[in-house]
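Visitor: This is coords10.pdb (PDB, C-alpha atoms).
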ATOM      1  CA  MET A 258      33.442  -0.283  16.555  1.00  0.00           C
ATOM      2  CA  THR A 259      29.736  -0.556  15.762  1.00  0.00           C
ATOM      3  CA  MET A 260      27.862   1.586  13.248  1.00  0.00           C
ATOM      4  CA  THR A 261      24.079   1.573  13.051  1.00  0.00           C
ATOM      5  CA  VAL A 262      22.592   2.012   9.590  1.00  0.00           C
ATOM      6  CA  LYS A 263      19.029   3.290  10.003  1.00  0.00           C
ATOM      7  CA  PHE A 264      16.390   2.867   7.307  1.00  0.00           C
ATOM      8  CA  PHE A 265      13.309   5.005   6.809  1.00  0.00           C
ATOM      9  CA  ALA A 266      10.005   4.888   4.923  1.00  0.00           C
ATOM     10  CA  THR A 267       9.640   2.163   2.266  1.00  0.00           C
ATOM     11  CA  LEU A 268      13.199   0.881   2.807  1.00  0.00           C
ATOM     12  CA  ARG A 269      12.218  -0.178   6.296  1.00  0.00           C
ATOM     13  CA  ALA A 270       9.332  -2.201   4.876  1.00  0.00           C
ATOM     14  CA  SER A 271      11.284  -3.756   1.992  1.00  0.00           C
ATOM     15  CA  LEU A 272      14.195  -4.765   4.241  1.00  0.00           C
ATOM     16  CA  GLY A 273      11.972  -5.929   7.061  1.00  0.00           C
ATOM     17  CA  VAL A 274      14.180  -4.137   9.609  1.00  0.00           C
ATOM     18  CA  GLY A 275      14.538  -0.578  10.863  1.00  0.00           C
ATOM     19  CA  SER A 276      18.302  -0.754  11.234  1.00  0.00           C
ATOM     20  CA  VAL A 277      21.376  -2.936  10.800  1.00  0.00           C
ATOM     21  CA  ASP A 278      24.477  -2.880  12.993  1.00  0.00           C
ATOM     22  CA  LEU A 279      27.829  -3.142  11.226  1.00  0.00           C
ATOM     23  CA  GLU A 280      31.075  -3.977  12.971  1.00  0.00           C
ATOM     24  CA  HIS A 281      34.193  -2.300  11.581  1.00  0.00           C
ATOM     25  CA  ASP A 282      37.733  -1.626  12.730  1.00  0.00           C
ATOM     26  CA  GLY A 283      38.085   1.906  11.406  1.00  0.00           C
ATOM     27  CA  PRO A 284      36.592   4.403   8.973  1.00  0.00           C
ATOM     28  CA  ILE A 285      34.793   2.904   5.980  1.00  0.00           C
ATOM     29  CA  THR A 286      33.100   4.533   3.005  1.00  0.00           C
ATOM     30  CA  VAL A 287      29.356   4.880   2.582  1.00  0.00           C
ATOM     31  CA  GLY A 288      29.592   2.525  -0.415  1.00  0.00           C
ATOM     32  CA  GLU A 289      31.342  -0.136   1.659  1.00  0.00           C
ATOM     33  CA  ALA A 290      28.788   0.204   4.448  1.00  0.00           C
ATOM     34  CA  LEU A 291      25.836  -0.117   2.072  1.00  0.00           C
ATOM     35  CA  HIS A 292      27.360  -3.140   0.319  1.00  0.00           C
ATOM     36  CA  ARG A 293      27.807  -4.790   3.712  1.00  0.00           C
ATOM     37  CA  VAL A 294      24.143  -4.060   4.494  1.00  0.00           C
ATOM     38  CA  GLU A 295      23.204  -5.807   1.240  1.00  0.00           C
ATOM     39  CA  GLN A 296      25.289  -8.823   2.259  1.00  0.00           C
ATOM     40  CA  GLN A 297      23.696  -8.994   5.720  1.00  0.00           C
ATOM     41  CA  THR A 298      20.111  -8.508   4.566  1.00  0.00           C
ATOM     42  CA  GLY A 299      20.289 -10.245   1.199  1.00  0.00           C
ATOM     43  CA  LYS A 300      18.365  -7.274  -0.267  1.00  0.00           C
ATOM     44  CA  PRO A 301      19.630  -5.100  -3.152  1.00  0.00           C
ATOM     45  CA  ILE A 302      19.177  -1.649  -1.581  1.00  0.00           C
ATOM     46  CA  MET A 303      21.822   0.027  -3.756  1.00  0.00           C
ATOM     47  CA  GLN A 304      19.553  -0.181  -6.804  1.00  0.00           C
ATOM     48  CA  GLU A 305      16.789   1.574  -4.848  1.00  0.00           C
ATOM     49  CA  LEU A 306      19.087   4.468  -3.940  1.00  0.00           C
ATOM     50  CA  PHE A 307      21.488   4.882  -6.866  1.00  0.00           C
ATOM     51  CA  GLU A 308      21.397   4.988 -10.655  1.00  0.00           C
ATOM     52  CA  ASP A 309      23.609   2.655 -12.709  1.00  0.00           C
ATOM     53  CA  ASP A 310      26.225   5.420 -13.026  1.00  0.00           C
ATOM     54  CA  GLY A 311      26.504   5.711  -9.231  1.00  0.00           C
ATOM     55  CA  SER A 312      24.581   8.968  -8.923  1.00  0.00           C
ATOM     56  CA  MET A 313      21.919   9.133  -6.247  1.00  0.00           C
ATOM     57  CA  ARG A 314      18.334   8.750  -7.406  1.00  0.00           C
ATOM     58  CA  VAL A 315      16.258  11.908  -7.206  1.00  0.00           C
ATOM     59  CA  GLY A 316      14.690  12.127  -3.761  1.00  0.00           C
ATOM     60  CA  ALA A 317      16.955   9.544  -2.109  1.00  0.00           C
ATOM     61  CA  MET A 318      19.197  10.639   0.757  1.00  0.00           C
ATOM     62  CA  VAL A 319      22.026   9.110   2.727  1.00  0.00           C
ATOM     63  CA  LEU A 320      23.087  11.180   5.719  1.00  0.00           C
ATOM     64  CA  VAL A 321      26.385  11.034   7.593  1.00  0.00           C
ATOM     65  CA  ASP A 322      26.291  13.149  10.748  1.00  0.00           C
ATOM     66  CA  GLY A 323      23.220  14.891   9.330  1.00  0.00           C
ATOM     67  CA  LYS A 324      24.968  15.815   6.070  1.00  0.00           C
ATOM     68  CA  ASN A 325      23.753  14.529   2.717  1.00  0.00           C
ATOM     69  CA  ILE A 326      26.498  12.564   0.951  1.00  0.00           C
ATOM     70  CA  SER A 327      25.467  14.342  -2.279  1.00  0.00           C
ATOM     71  CA  HIS A 328      27.162  17.422  -0.808  1.00  0.00           C
ATOM     72  CA  LEU A 329      30.197  15.448   0.343  1.00  0.00           C
ATOM     73  CA  ASN A 330      32.029  12.719  -1.630  1.00  0.00           C
ATOM     74  CA  GLY A 331      29.046  10.542  -2.538  1.00  0.00           C
ATOM     75  CA  LEU A 332      29.661   6.827  -2.057  1.00  0.00           C
ATOM     76  CA  GLU A 333      33.318   7.584  -1.285  1.00  0.00           C
ATOM     77  CA  THR A 334      32.348   9.648   1.781  1.00  0.00           C
ATOM     78  CA  THR A 335      34.189   8.292   4.802  1.00  0.00           C
ATOM     79  CA  VAL A 336      31.998   7.304   7.723  1.00  0.00           C
ATOM     80  CA  GLN A 337      33.512   7.759  11.151  1.00  0.00           C
ATOM     81  CA  SER A 338      30.244   8.276  12.993  1.00  0.00           C
ATOM     82  CA  GLU A 339      28.071   5.747  14.769  1.00  0.00           C
ATOM     83  CA  THR A 340      24.998   6.326  12.595  1.00  0.00           C
ATOM     84  CA  LEU A 341      24.239   6.332   8.885  1.00  0.00           C
ATOM     85  CA  SER A 342      20.668   7.342   7.940  1.00  0.00           C
ATOM     86  CA  VAL A 343      19.209   6.089   4.652  1.00  0.00           C
ATOM     87  CA  PHE A 344      16.045   7.471   3.023  1.00  0.00           C
ATOM     88  CA  PRO A 345      14.586   6.038  -0.221  1.00  0.00           C
ATOM     89  CA  PRO A 346      13.230   8.317  -2.953  1.00  0.00           C
ATOM     90  CA  ALA A 347      10.033   9.902  -1.701  1.00  0.00           C
ATOM     91  CA  GLY A 348       6.802   9.591  -3.625  1.00  0.00           C
ATOM     92  CA  GLY A 349       3.239  10.550  -3.233  1.00  0.00           C
ATOM     93  CA  GLY A 350       1.136  13.515  -3.945  1.00  0.00           C
TER      94      GLY A 350
END
As structure tokens, how would this structure be written, given the file I've shared?
Guide:
Amino acid sequence: MTMTVKFFATLRASLGVGSVDLEHDGPITVGEALHRVEQQTGKPIMQELFEDDGSMRVGAMVLVDGKNISHLNGLETTVQSETLSVFPPAGGG
């Protein structure tokens, strides 16, 4: 099974790609998927999205089937869909 992890805004620029395809045999957690993205890209995206205690940084979003993992089980949210959408903390003014 293939899952596409899509990146938006500054994450797209810092990773140098708009998405990464992950192969997996069954459901995996958001945390596992993001760690695999780090391994494939060689870029530490977890530190851009999460605090040291594992809580999501203010303004960051990870969506599974259009639902923010902050309202689900966080990094332990099981991903069974084909797409994971990742947004870095927004800035500007």
Visitor: Excluding Arg293 (chain A) and its own-chain neighbours fewer than 6 positions away, which residues fall within 10 Å of it when counting only C-alpha atoms? Please give them as a ChimeraX atom specification.
Guide: /A:277,279-280,287,299
Visitor: Step by step, work through what the PyMOL selection byres ((chain A and resi 274) around 12) selects in the shown file, and finish by giving those residues as a ChimeraX atom specification.
Guide: /A:261-273,275-278,294,297-298,300
Visitor: Give me the residues within 8 Å of His281 (chain A) as a ChimeraX atom specification, counting all atoms listed in the file and dropping any in the same chain fewer than 5 places off.
Guide: /A:258-260
Visitor: Could you please take those selected residues and save C-alpha atoms as a CSV table (one decimal), keeping the file's coordinate frame?
Guide:
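Contents of selection03.csv, as written:
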chain,number,residue,atom,x,y,z
A,258,MET,CA,33.4,-0.3,16.6
A,259,THR,CA,29.7,-0.6,15.8
A,260,MET,CA,27.9,1.6,13.2
Visitor: Measuring atom to atom with all atoms listed in the file, identify which of A:Ser312, A:Leu291, A:Glu305, A:Gly283 is nearest to His328 (chain A).
Guide: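 Residue with the minimum atom-to-atom distance to His328 (chain A): A:Ser312.
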Visitor: Give the answer as one residue: which of A:Pro346, A:Glu295, A:Glu339, A:Ala290 has the shortest atom-to-atom distance to Glu308 (chain A), using all atoms listed in the file?
Guide: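 For Glu308 (chain A), the nearest of the given residues is A:Pro346.
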Visitor: Name the residues in contact with Gly288 (chain A) at a cut-off of 10 Å, using only C-alpha atoms, excluding same-chain residues fewer than 5 positions from it; report them as a ChimeraX atom specification.
Guide: /A:293-294,303,311,331-336
Visitor: Please expand the PyMOL selection byres ((chain A and resi 347) around 9) into the concrete residues it hits in this file, giving the result as a list in words.
Guide: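 Checking the PyMOL selection byres ((chain A and resi 347) around 9) against this file, the residues are Ala266, Thr267, Val315, Gly316, Ala317, Phe344, Pro345, Pro346, Gly348 and Gly349 of chain A.
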Visitor: Choose the residue, out of A:Asp309, A:Leu320, A:Pro301, A:Gln337, that has the smallest atom-to-atom separation from Thr286 (chain A); count all atoms listed in the file.
Guide: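 Under the stated criterion, the closest residue is A:Gln337.
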Visitor: Report the distance between CA of Gln304 (chain A) and CA of Asp282 (chain A) in Å, rounded to one decimal place.
Guide: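 So the two atoms, CA of Gln304 (chain A) and CA of Asp282 (chain A), lie 26.7 Å apart.
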Visitor: Take CA of Thr340 (chain A) and CA of Ile326 (chain A) and report the distance between them in Å, one decimal.
Guide: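 These two atoms are separated by 13.3 Å.
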